[in-house]
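Below is final-v7.csv, which holds CSV, C-alpha atoms and all ligand atoms.
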```csv
chain,number,residue,atom,x,y,z
A,1,MET,CA,88.6,17.1,-59.8
A,2,ALA,CA,86.4,15.7,-57.1
A,3,GLY,CA,86.7,12.0,-57.1
A,4,PHE,CA,89.9,11.8,-59.2
A,5,ASN,CA,93.3,12.3,-57.6
A,6,VAL,CA,96.0,12.7,-60.2
A,7,TYR,CA,98.7,12.2,-57.6
A,8,GLU,CA,97.4,8.8,-56.6
A,9,PHE,CA,96.9,7.7,-60.2
A,10,TYR,CA,100.5,8.8,-60.9
A,11,GLU,CA,101.8,6.6,-58.0
A,12,TYR,CA,99.7,3.7,-59.4
A,13,LEU,CA,101.4,4.2,-62.8
A,14,ASN,CA,104.8,4.2,-61.2
A,15,ARG,CA,104.1,1.0,-59.4
A,16,SER,CA,102.5,-0.8,-62.3
A,17,GLY,CA,105.5,-0.1,-64.6
A,18,ALA,CA,103.7,1.6,-67.5
A,19,TRP,CA,105.7,1.7,-70.7
A,20,ALA,CA,104.2,5.0,-72.1
A,21,ARG,CA,104.2,7.8,-69.6
A,22,LEU,CA,101.9,10.4,-71.2
A,23,ASP,CA,100.4,11.4,-67.8
A,24,ALA,CA,102.7,13.7,-65.8
A,25,GLY,CA,104.4,16.6,-67.4
A,26,ASP,CA,107.9,15.2,-66.9
A,27,PRO,CA,110.1,16.2,-69.8
A,28,ASP,CA,112.1,13.4,-71.5
A,29,ILE,CA,114.7,15.7,-73.1
A,30,PRO,CA,117.9,15.3,-71.1
A,31,PRO,CA,118.8,18.3,-68.9
A,32,PRO,CA,121.8,20.5,-70.2
A,33,GLN,CA,125.1,18.9,-69.2
A,34,PRO,CA,126.6,22.2,-67.9
A,35,VAL,CA,123.7,22.5,-65.4
A,36,LEU,CA,124.4,19.0,-64.1
A,37,GLU,CA,128.1,19.8,-63.8
A,38,VAL,CA,127.4,22.9,-61.6
A,39,LEU,CA,125.2,20.7,-59.4
A,40,ARG,CA,128.0,18.2,-59.0
A,41,ARG,CA,130.6,20.8,-58.4
A,42,GLU,CA,128.5,22.8,-55.9
A,43,ALA,CA,126.9,19.8,-54.2
A,44,GLY,CA,128.6,20.5,-50.9
A,45,ARG,CA,127.2,24.0,-50.4
A,46,LEU,CA,124.3,23.0,-48.2
A,47,GLY,CA,124.1,25.9,-45.7
A,48,TYR,CA,121.0,28.1,-45.2
A,49,THR,CA,120.6,31.1,-47.4
A,50,GLY,CA,118.1,34.0,-47.6
A,51,ALA,CA,114.5,33.3,-48.3
A,52,SER,CA,114.4,35.5,-51.5
A,53,GLY,CA,117.2,33.7,-53.3
A,54,LEU,CA,120.9,34.3,-54.0
A,55,PRO,CA,121.6,37.9,-55.0
A,56,GLU,CA,123.4,36.9,-58.2
A,57,LEU,CA,120.5,34.8,-59.4
A,58,ARG,CA,117.9,37.5,-58.5
A,59,GLU,CA,120.0,40.1,-60.4
A,60,ARG,CA,120.3,37.9,-63.5
A,61,ILE,CA,116.6,37.3,-63.5
A,62,ALA,CA,115.9,41.1,-63.0
A,63,GLU,CA,118.2,41.9,-65.9
A,64,LEU,CA,116.3,39.4,-68.1
A,65,HIS,CA,113.0,41.2,-67.4
A,66,GLY,CA,114.3,44.8,-67.2
A,67,VAL,CA,113.2,45.1,-63.5
A,68,ASP,CA,114.8,45.8,-60.2
A,69,ALA,CA,116.1,42.8,-58.2
A,70,ARG,CA,113.6,43.6,-55.5
A,71,GLU,CA,110.9,42.7,-57.9
A,72,VAL,CA,112.2,39.1,-58.1
A,73,ILE,CA,112.0,36.1,-55.7
A,74,VAL,CA,113.5,32.7,-56.3
A,75,VAL,CA,111.2,29.9,-55.2
A,76,PRO,CA,111.3,26.1,-54.7
A,77,GLY,CA,109.3,25.4,-57.9
A,78,ALA,CA,106.5,27.5,-59.4
A,79,LYS,CA,104.1,25.4,-57.4
A,80,ALA,CA,105.4,26.9,-54.1
A,81,ALA,CA,104.9,30.5,-55.4
A,82,ILE,CA,101.4,29.6,-56.5
A,83,ALA,CA,100.5,27.9,-53.3
A,84,ALA,CA,101.8,31.0,-51.4
A,85,LEU,CA,99.6,33.3,-53.4
A,86,VAL,CA,96.5,31.0,-53.1
A,87,HIS,CA,97.1,30.9,-49.4
A,88,SER,CA,97.1,34.7,-49.2
A,89,SER,CA,93.8,35.2,-50.9
A,90,SER,CA,90.3,34.4,-49.8
A,91,THR,CA,88.8,33.6,-53.2
A,92,LEU,CA,90.4,32.3,-56.3
A,93,GLY,CA,89.3,32.7,-59.9
A,94,LEU,CA,90.3,30.1,-62.4
A,95,VAL,CA,89.8,29.6,-66.1
A,96,ALA,CA,88.9,25.9,-66.8
A,97,PRO,CA,90.3,23.6,-68.0
A,98,TYR,CA,93.2,24.3,-65.6
A,99,TRP,CA,96.2,22.6,-64.0
A,100,PRO,CA,95.0,20.7,-60.9
A,101,GLY,CA,97.7,22.2,-58.6
A,102,TYR,CA,95.5,25.4,-58.2
A,103,GLN,CA,92.6,23.4,-56.8
A,104,VAL,CA,94.8,21.3,-54.6
A,105,ALA,CA,96.2,24.4,-52.9
A,106,ALA,CA,92.7,26.1,-52.7
A,107,ARG,CA,91.3,23.0,-51.0
A,108,LEU,CA,94.2,22.6,-48.6
A,109,PHE,CA,93.8,26.3,-47.5
A,110,SER,CA,90.0,26.2,-47.6
A,111,LYS,CA,89.6,28.8,-50.3
A,112,ARG,CA,86.6,29.5,-52.3
A,113,VAL,CA,87.1,28.9,-56.1
A,114,VAL,CA,85.1,30.5,-58.9
A,115,VAL,CA,85.5,29.3,-62.4
A,116,THR,CA,84.9,30.4,-65.9
A,117,ASN,CA,85.1,27.8,-68.7
A,118,ALA,CA,87.0,28.3,-71.9
A,119,SER,CA,85.5,26.4,-74.9
A,120,MET,CA,87.1,24.1,-77.4
A,121,ARG,CA,85.2,26.0,-80.1
A,122,GLU,CA,87.1,29.2,-79.2
A,123,GLU,CA,90.3,27.2,-79.2
A,124,TRP,CA,90.3,27.2,-75.4
A,125,ARG,CA,90.7,31.0,-75.1
A,126,PRO,CA,88.4,32.7,-72.7
A,127,SER,CA,86.7,36.0,-73.5
A,128,LEU,CA,88.1,39.1,-71.9
A,129,GLU,CA,84.6,39.9,-70.5
A,130,ALA,CA,84.5,36.5,-68.8
A,131,VAL,CA,88.0,37.0,-67.2
A,132,TYR,CA,87.0,40.5,-66.1
A,133,SER,CA,83.9,39.3,-64.4
A,134,LEU,CA,85.9,36.5,-62.7
A,135,ALA,CA,88.4,39.1,-61.4
A,136,ARG,CA,85.5,41.2,-60.0
A,137,MET,CA,84.2,38.2,-58.2
A,138,ALA,CA,87.4,36.6,-57.0
A,139,GLY,CA,89.9,39.3,-56.2
A,140,MET,CA,92.7,37.0,-57.4
A,141,VAL,CA,92.8,35.3,-60.8
A,142,VAL,CA,95.2,32.7,-62.1
A,143,VAL,CA,95.8,32.4,-65.8
A,144,ASN,CA,98.2,30.0,-67.5
A,145,TYR,CA,99.5,30.5,-71.1
A,146,PRO,CA,100.8,28.5,-72.8
A,147,ASN,CA,98.2,26.4,-71.2
A,148,ASN,CA,98.3,23.1,-69.4
A,149,PRO,CA,96.2,21.0,-70.4
A,150,THR,CA,95.1,22.5,-73.8
A,151,GLY,CA,98.3,24.0,-75.3
A,152,ALA,CA,96.4,27.2,-75.9
A,153,ILE,CA,98.3,30.5,-76.1
A,154,LEU,CA,97.2,34.1,-76.2
A,155,GLU,CA,98.4,36.6,-78.8
A,156,PRO,CA,100.6,39.2,-77.1
A,157,ARG,CA,98.0,41.9,-77.8
A,158,VAL,CA,95.1,39.9,-76.3
A,159,PHE,CA,97.4,38.9,-73.4
A,160,ARG,CA,98.2,42.6,-72.6
A,161,GLU,CA,94.4,43.4,-72.7
A,162,LEU,CA,93.8,40.5,-70.3
A,163,VAL,CA,96.5,41.7,-67.9
A,164,GLU,CA,95.0,45.2,-67.9
A,165,ALA,CA,91.4,43.9,-67.6
A,166,VAL,CA,92.3,42.0,-64.4
A,167,ALA,CA,95.0,44.1,-62.7
A,168,VAL,CA,93.8,47.6,-63.7
A,169,ASP,CA,90.1,47.6,-64.6
A,170,ALA,CA,89.0,45.1,-62.1
A,171,GLY,CA,91.7,46.0,-59.6
A,172,ALA,CA,92.3,42.3,-58.8
A,173,VAL,CA,95.5,40.4,-58.4
A,174,LEU,CA,96.7,38.5,-61.5
A,175,VAL,CA,98.8,35.5,-61.1
A,176,SER,CA,100.2,34.6,-64.5
A,177,ASP,CA,101.5,31.0,-64.4
A,178,GLU,CA,104.2,31.0,-67.0
A,179,ALA,CA,105.7,27.6,-66.4
A,180,TYR,CA,105.6,27.0,-70.2
A,181,ARG,CA,106.5,30.5,-71.2
A,182,ASP,CA,109.4,29.5,-73.5
A,183,ILE,CA,107.6,26.6,-75.2
A,184,VAL,CA,105.6,28.2,-78.0
A,185,PHE,CA,105.6,26.9,-81.5
A,186,ASP,CA,104.2,29.7,-83.6
A,187,GLY,CA,104.0,32.7,-81.3
A,188,SER,CA,106.1,34.7,-78.9
A,189,ARG,CA,106.8,34.6,-75.1
A,190,VAL,CA,104.4,36.7,-73.0
A,191,VAL,CA,105.3,37.9,-69.5
A,192,ALA,CA,102.5,39.5,-67.5
A,193,ALA,CA,104.9,41.4,-65.2
A,194,GLU,CA,106.5,43.1,-68.2
A,195,VAL,CA,103.1,44.5,-69.1
A,196,GLN,CA,102.2,45.8,-65.7
A,197,VAL,CA,103.8,45.4,-62.2
A,198,GLU,CA,101.1,46.6,-59.8
A,199,ASN,CA,98.8,43.7,-58.9
A,200,VAL,CA,100.7,41.3,-61.1
A,201,VAL,CA,102.9,38.3,-60.5
A,202,SER,CA,104.5,36.3,-63.3
A,203,VAL,CA,105.6,32.8,-62.1
A,204,TYR,CA,108.2,30.9,-64.0
A,205,SER,CA,109.6,27.4,-63.6
A,206,PHE,CA,113.0,26.0,-64.6
A,207,SER,CA,111.3,22.5,-64.7
A,208,LYS,CA,110.0,22.5,-68.2
A,209,THR,CA,112.4,24.5,-70.4
A,210,PHE,CA,115.5,22.8,-68.9
A,211,SER,CA,114.0,19.4,-68.1
A,212,VAL,CA,114.8,19.6,-64.4
A,213,PRO,CA,111.5,19.2,-62.5
A,214,GLY,CA,113.2,17.5,-59.6
A,215,LEU,CA,115.6,20.5,-59.1
A,216,ARG,CA,112.7,22.5,-57.6
A,217,VAL,CA,113.5,26.0,-58.8
A,218,GLY,CA,111.4,28.7,-60.2
A,219,TYR,CA,111.0,32.4,-59.7
A,220,ALA,CA,108.3,35.1,-59.5
A,221,VAL,CA,108.6,38.7,-60.8
A,222,GLY,CA,106.2,41.5,-60.2
A,223,ASP,CA,104.5,43.5,-57.5
A,224,PRO,CA,106.8,43.7,-54.5
A,225,GLY,CA,103.9,43.5,-52.1
A,226,LEU,CA,102.7,40.2,-53.6
A,227,LEU,CA,106.3,38.9,-53.6
A,228,GLY,CA,106.3,39.7,-49.9
A,229,ARG,CA,103.5,37.2,-49.5
A,230,ILE,CA,105.5,34.6,-51.2
A,231,ARG,CA,108.6,35.4,-49.1
A,232,ARG,CA,106.7,35.0,-45.9
A,233,PHE,CA,105.3,31.6,-47.0
A,234,ILE,CA,108.8,30.4,-47.8
A,235,GLU,CA,110.1,31.7,-44.5
A,236,ALA,CA,107.3,29.7,-42.8
A,237,THR,CA,107.9,26.5,-44.8
A,238,TYR,CA,110.9,25.8,-47.1
A,239,THR,CA,113.3,28.4,-45.6
A,240,CYS,CA,115.3,28.7,-48.9
A,241,VAL,CA,116.0,27.0,-52.2
A,242,PRO,CA,119.2,24.8,-51.8
A,243,VAL,CA,122.2,26.8,-53.0
A,244,PRO,CA,123.4,24.1,-55.5
A,245,ALA,CA,120.0,24.2,-57.2
A,246,GLN,CA,120.1,28.0,-57.4
A,247,LEU,CA,123.6,28.0,-58.9
A,248,ALA,CA,122.4,25.4,-61.4
A,249,ALA,CA,119.5,27.7,-62.3
A,250,LEU,CA,122.0,30.5,-62.8
A,251,LYS,CA,123.9,28.3,-65.3
A,252,ALA,CA,120.6,27.3,-66.9
A,253,LEU,CA,119.8,30.9,-67.7
A,254,GLU,CA,123.1,31.2,-69.7
A,255,LEU,CA,121.7,28.4,-71.8
A,256,LEU,CA,118.1,29.8,-72.1
A,257,ASP,CA,118.2,30.3,-75.9
A,258,GLU,CA,119.5,26.9,-76.8
A,259,ALA,CA,117.2,25.1,-74.3
A,260,THR,CA,114.2,27.1,-75.7
A,261,GLU,CA,115.1,26.3,-79.3
A,262,ARG,CA,115.5,22.6,-78.5
A,263,ALA,CA,112.2,22.3,-76.5
A,264,ARG,CA,110.3,24.2,-79.2
A,265,ARG,CA,111.8,21.9,-81.9
A,266,VAL,CA,111.3,18.6,-80.1
A,267,TYR,CA,107.8,19.2,-78.8
A,268,GLY,CA,106.8,21.0,-82.0
A,269,GLU,CA,107.7,17.9,-84.0
A,270,ARG,CA,105.6,15.7,-81.7
A,271,VAL,CA,102.6,18.0,-82.1
A,272,LYS,CA,102.9,17.7,-85.8
A,273,ALA,CA,103.3,13.9,-85.5
A,274,LEU,CA,100.3,13.7,-83.2
A,275,GLU,CA,98.1,15.2,-85.9
A,276,GLY,CA,98.9,12.3,-88.2
A,277,LEU,CA,98.5,9.7,-85.4
A,278,VAL,CA,95.2,10.5,-83.9
A,279,PRO,CA,92.1,9.0,-85.6
A,280,ARG,CA,89.6,11.8,-85.8
A,281,GLU,CA,86.6,9.6,-85.6
A,282,VAL,CA,87.9,8.6,-82.1
A,283,PHE,CA,89.4,11.9,-80.8
A,284,SER,CA,89.2,15.5,-81.7
A,285,PHE,CA,91.5,18.2,-80.5
A,286,VAL,CA,92.7,21.8,-81.0
A,287,ARG,CA,96.3,21.8,-82.2
A,288,PRO,CA,98.5,22.8,-79.2
A,289,ARG,CA,100.4,26.1,-79.9
A,290,GLY,CA,102.6,25.8,-76.8
A,291,ALA,CA,103.5,23.7,-73.8
A,292,PHE,CA,103.6,20.0,-74.5
A,293,TYR,CA,100.1,18.6,-74.0
A,294,ALA,CA,97.1,17.8,-76.1
A,295,PHE,CA,93.6,17.7,-74.7
A,296,LEU,CA,91.7,15.1,-76.6
A,297,ARG,CA,88.0,15.0,-76.7
A,298,ILE,CA,86.7,11.4,-76.9
A,299,GLU,CA,84.2,11.1,-79.7
A,300,THR,CA,83.1,7.5,-79.1
A,301,GLY,CA,81.1,8.2,-76.0
A,302,ALA,CA,83.6,6.6,-73.7
A,303,ASP,CA,84.2,8.2,-70.3
A,304,GLY,CA,87.7,9.8,-69.7
A,305,VAL,CA,88.2,8.2,-66.3
A,306,GLU,CA,87.3,4.8,-67.6
A,307,LEU,CA,89.6,5.3,-70.6
A,308,ALA,CA,92.5,6.4,-68.4
A,309,TRP,CA,92.1,3.2,-66.3
A,310,ARG,CA,91.8,0.9,-69.4
A,311,ALA,CA,94.9,2.5,-70.9
A,312,ALA,CA,96.8,2.2,-67.6
A,313,ARG,CA,96.0,-1.6,-67.5
A,314,ARG,CA,97.7,-1.8,-70.9
A,315,GLY,CA,100.7,0.2,-69.7
A,316,VAL,CA,99.8,3.6,-71.1
A,317,GLY,CA,99.5,6.6,-68.7
A,318,VAL,CA,97.2,9.6,-69.4
A,319,PHE,CA,95.2,11.8,-67.1
A,320,PRO,CA,91.4,12.0,-67.5
A,321,GLY,CA,89.9,15.4,-68.3
A,322,VAL,CA,87.9,15.6,-65.0
A,323,ALA,CA,91.2,16.3,-63.3
A,324,PHE,CA,91.4,19.6,-65.1
A,325,GLY,CA,88.1,21.1,-64.1
A,326,GLY,CA,85.5,18.5,-63.1
A,327,GLU,CA,82.6,16.8,-64.8
A,328,LYS,CA,82.5,19.2,-67.7
A,329,TYR,CA,85.6,17.5,-69.0
A,330,LYS,CA,84.6,13.9,-68.5
A,331,ASP,CA,84.8,13.3,-72.3
A,332,TYR,CA,88.5,14.3,-72.4
A,333,VAL,CA,91.9,12.9,-71.6
A,334,ARG,CA,95.2,14.9,-71.5
A,335,VAL,CA,98.1,13.4,-73.4
A,336,SER,CA,101.6,14.6,-72.4
A,337,LEU,CA,104.0,14.7,-75.4
A,338,THR,CA,106.9,13.7,-73.2
A,339,SER,CA,107.8,10.5,-75.1
A,340,PRO,CA,109.4,10.0,-78.5
A,341,VAL,CA,107.2,9.8,-81.6
A,342,HIS,CA,107.5,6.0,-81.9
A,343,VAL,CA,106.2,5.6,-78.3
A,344,LEU,CA,103.4,8.1,-78.9
A,345,ALA,CA,102.3,6.2,-82.0
A,346,LYS,CA,101.9,3.0,-80.1
A,347,ALA,CA,100.3,4.7,-77.1
A,348,VAL,CA,97.8,6.6,-79.2
A,349,ARG,CA,96.8,3.3,-80.9
A,350,VAL,CA,96.1,1.8,-77.4
A,351,LEU,CA,94.1,4.8,-76.4
A,352,ALA,CA,92.0,4.7,-79.6
A,353,GLU,CA,91.4,1.0,-79.2
A,354,GLU,CA,90.3,1.4,-75.6
A,355,ALA,CA,88.1,4.4,-76.4
A,356,CYS,CA,86.3,2.0,-78.7
A,357,ASN,CA,86.4,-1.1,-76.5
A,358,ALA,CA,84.8,0.9,-73.7
A,359,VAL,CA,81.6,1.4,-75.6
A,360,SER,CA,81.5,-1.7,-77.8
A,361,GLY,CA,82.0,-4.4,-75.2
A,362,GLY,CA,85.5,-5.1,-76.5
A,363,ARG,CA,84.6,-5.3,-80.2
A,364,GLY,CA,86.4,-2.1,-81.2
A,365,CYS,CA,85.0,0.5,-83.5
A,366,TRP,CA,87.9,1.8,-85.5
B,401,LIG,N1,102.2,25.3,-63.4
B,401,LIG,C1,101.8,24.5,-64.4
B,401,LIG,C2,100.8,24.9,-65.3
B,401,LIG,C3,102.4,23.2,-64.4
B,401,LIG,O1,102.0,22.4,-65.4
B,401,LIG,C4,103.4,22.9,-63.4
B,401,LIG,C5,104.0,21.5,-63.4
B,401,LIG,N2,103.4,20.5,-63.9
B,401,LIG,C6,103.7,23.8,-62.5
B,401,LIG,C7,103.1,25.0,-62.5
B,401,LIG,C8,104.7,23.5,-61.4
B,401,LIG,O2,106.0,23.7,-61.8
B,401,LIG,P1,107.2,23.5,-60.7
B,401,LIG,O3,107.8,22.2,-61.1
B,401,LIG,O4,108.1,24.6,-61.0
B,401,LIG,O5,106.6,23.5,-59.4
```
So, in terms of structure tokens, how does the structure I just supplied come out?
Amino acid sequence: MAGFNVYEFYEYLNRSGAWARLDAGDPDIPPPQPVLEVLRREAGRLGYTGASGLPELRERIAELHGVDAREVIVVPGAKAAIAALVHSSSTLGLVAPYWPGYQVAARLFSKRVVVTNASMREEWRPSLEAVYSLARMAGMVVVNYPNNPTGAILEPRVFRELVEAVAVDAGAVLVSDEAYRDIVFDGSRVVAAEVQVENVVSVYSFSKTFSVPGLRVGYAVGDPGLLGRIRRFIEATYTCVPVPAQLAALKALELLDEATERARRVYGERVKALEGLVPREVFSFVRPRGAFYAFLRIETGADGVELAWRAARRGVGVFPGVAFGGEKYKDYVRVSLTSPVHVLAKAVRVLAEEACNAVSGGRGCW
């Protein structure tokens, strides 16, 4: 993402008052009321607490995954767990396109990054051989399914093979970023730490399923040695996750099935709508099978960064493809399906017009 900072662009969109926010992955479904009620009720509990999380929350999470509570740590957002793990490794292996947060952490901690590219032709699924070689080179590999930015998922059988290829065959650490674990439209949840514990960490976020990204709660399950690295990082930085946020997360888990059903339905409907909205002579894309993003390839020859700026000037926020793995993705933009269909419809129209204007001197092409 050299040359393009999504965080700065995000601030620009905040300041400029964009009417369609298809840039950040900030869910627009309201959070569950009972979660908000717990937050209000427990707002005064602002003491310190242990760095691994409240025992009752850890136990509930352990039960969910059929593991021991020692194999669980509560974290201030999935990002913190990922940053901690990146910090603890010398080289990081990534499958591009990828969420920019991995590179941001790698750069901050001066880590070497090696990358393998998934291809649109293969529906953004990397080959097992490529991931295995990456693991041999890097020592730590981060994978993310359902994927941000492509919406790709792996079939459970393939996912299991991938976990084994990295954590057993290559003997490397596998960080499975499962921030969108619940949001799959035509498949099932996959949890790496349920396949294999040694060398594996599954990182989960409450942000997406429950629409509470500002709550800053997530958790990691897996290899206790790797969880220890996360715990030490939290001890050195955040100290603990605020108690009201942890109690809200405990309530959220009671509502996991309803929240999952709702997120799958709402984002699934938008994916379907998008297929009808996007003019294929302007953008091509692989239908997202999970998460809530579409990675659009610009077919007019316009550059993704230029398109993002042109759209921003007309009040539509999207992130350019280069943010998700560099120049290879200069012909792409990522659209976040976090607005209702009527807003998506207008925003996609603006995007298509600007993808044409950028190459036709404003005369359009579609
Ligand atoms: N991983 C991925 C793939 C994400 O898209 C995000 C948020 N955009 C995160 C991790 C961070 O989640 P959290 O809010 O729990 O830090």
What does the list of residues within 7 Å of ligand LIG 401 (chain B) look like if you count all atoms listed in the file, written as a list in words? Gly25, Gly77, Ala78, Lys79, Ala80, Trp99, Asn144, Asn147, Asn148, Asp177, Ala179, Tyr204, Ser205, Phe206, Ser207, Pro213, Arg216, Val217 and Gly218 of chain A
Please measure the separation of atom CA of Arg136 of chain A and atom CA of Ala170 of chain A, giving the value in Å to one decimal. 5.6 Å
Between A:Glu11, A:Glu63, A:Glu37, A:Asp23, single out the one closest to Tyr293 of chain A, counting all atoms listed in the file.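 Between A:Glu11, A:Glu63, A:Glu37, A:Asp23, the residue approaching Tyr293 of chain A most closely is A:Asp23.
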Please determine, counting only C-alpha atoms, which residue among A:Val241, A:Val38, A:Ala138, A:Ala172 has the shortest atom-to-atom distance to Gly50 of chain A.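 Checking each candidate against Gly50 of chain A, we get A:Val241 as the closest.
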May I ask which of the residues A:Gly93, A:Pro288, A:Gly361, A:Pro244 is the closest one to Ala302 of chain A, counting all atoms listed in the file? A:Gly361
Any idea what's packed within 12 Å of Asn5 of chain A, counting only C-alpha atoms, ignoring anything in its chain fewer than 4 positions away? Could you give it as a ChimeraX atom specification? /A:1,9-12,100-101,103-104,305,319-324,326
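From atom CA of Val141 of chain A back to atom CA of Val271 of chain A, the distance works out to 29.1 Å.
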Write out as a VMD selection string the residues lying within 9 Å of Arg289 of chain A, counting all atoms listed in the file and excluding same-chain residues fewer than 4 positions away. chain A and resid 146 to 147 150 to 153 183 to 187 268 271
Show which residues sit within 12 Å of Lys346 of chain A, as JSON, numbers by chain. Count all atoms listed in the file, and ignore same-chain residues fewer than 6 positions away. {"A": [19, 20, 21, 22, 274, 277, 278, 311, 314, 315, 316, 339, 340, 352, 353]}
Separation of atom CA of Ala96 of chain A and atom CA of Val200 of chain A, in Å?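 Going from atom CA of Ala96 of chain A over to atom CA of Val200 of chain A covers 20.2 Å.
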Distance cut-off 10 Å, centre (123.3, 23.3, -64.5) in file coordinates, counting only C-alpha atoms: which residues qualify? Return them as a count of residues only. 26
Which of these residues is nearest to Val72 of chain A, using all atoms listed in the file: A:Ser202, A:Thr91, A:Ser110, A:Asn14?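 Distance minimum relative to Val72 of chain A lands on A:Ser202.
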List as a VMD selection string the protein and nucleic acid residues near Val197 of chain A, meaning an atom at most 9 Å away when only C-alpha atoms are counted, but skip any in the same chain fewer than 5 places from it. chain A and resid 71 167 192 221 to 224
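Across A:Ala81, A:Val286, A:Leu344, A:Ala308, the tightest approach to Ala220 of chain A is made by A:Ala81 when counting all atoms listed in the file.
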Output as lines of an AutoDock Vina configuration file the centre and edge lengths (Å, one decimal) of the box along x, y and z of the file that holds every listed atom of segment 302-306 of chain A after adding 4 Å on each side.
```
center_x = 85.9
center_y = 7.3
center_z = -70.0
size_x = 12.6
size_y = 13.0
size_z = 15.4
```
Which residue out of A:Ala118, A:Leu256, A:Ala355, A:Cys240 has the minimum interatomic distance to Phe283 of chain A when all atoms listed in the file are used?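 Distance minimum relative to Phe283 of chain A lands on A:Ala355.
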Asp331 of chain A surroundings by only C-alpha atoms, 6 Å radius, close-in-sequence under 5 positions cut, as a ChimeraX atom specification: /A:297-298,303-304
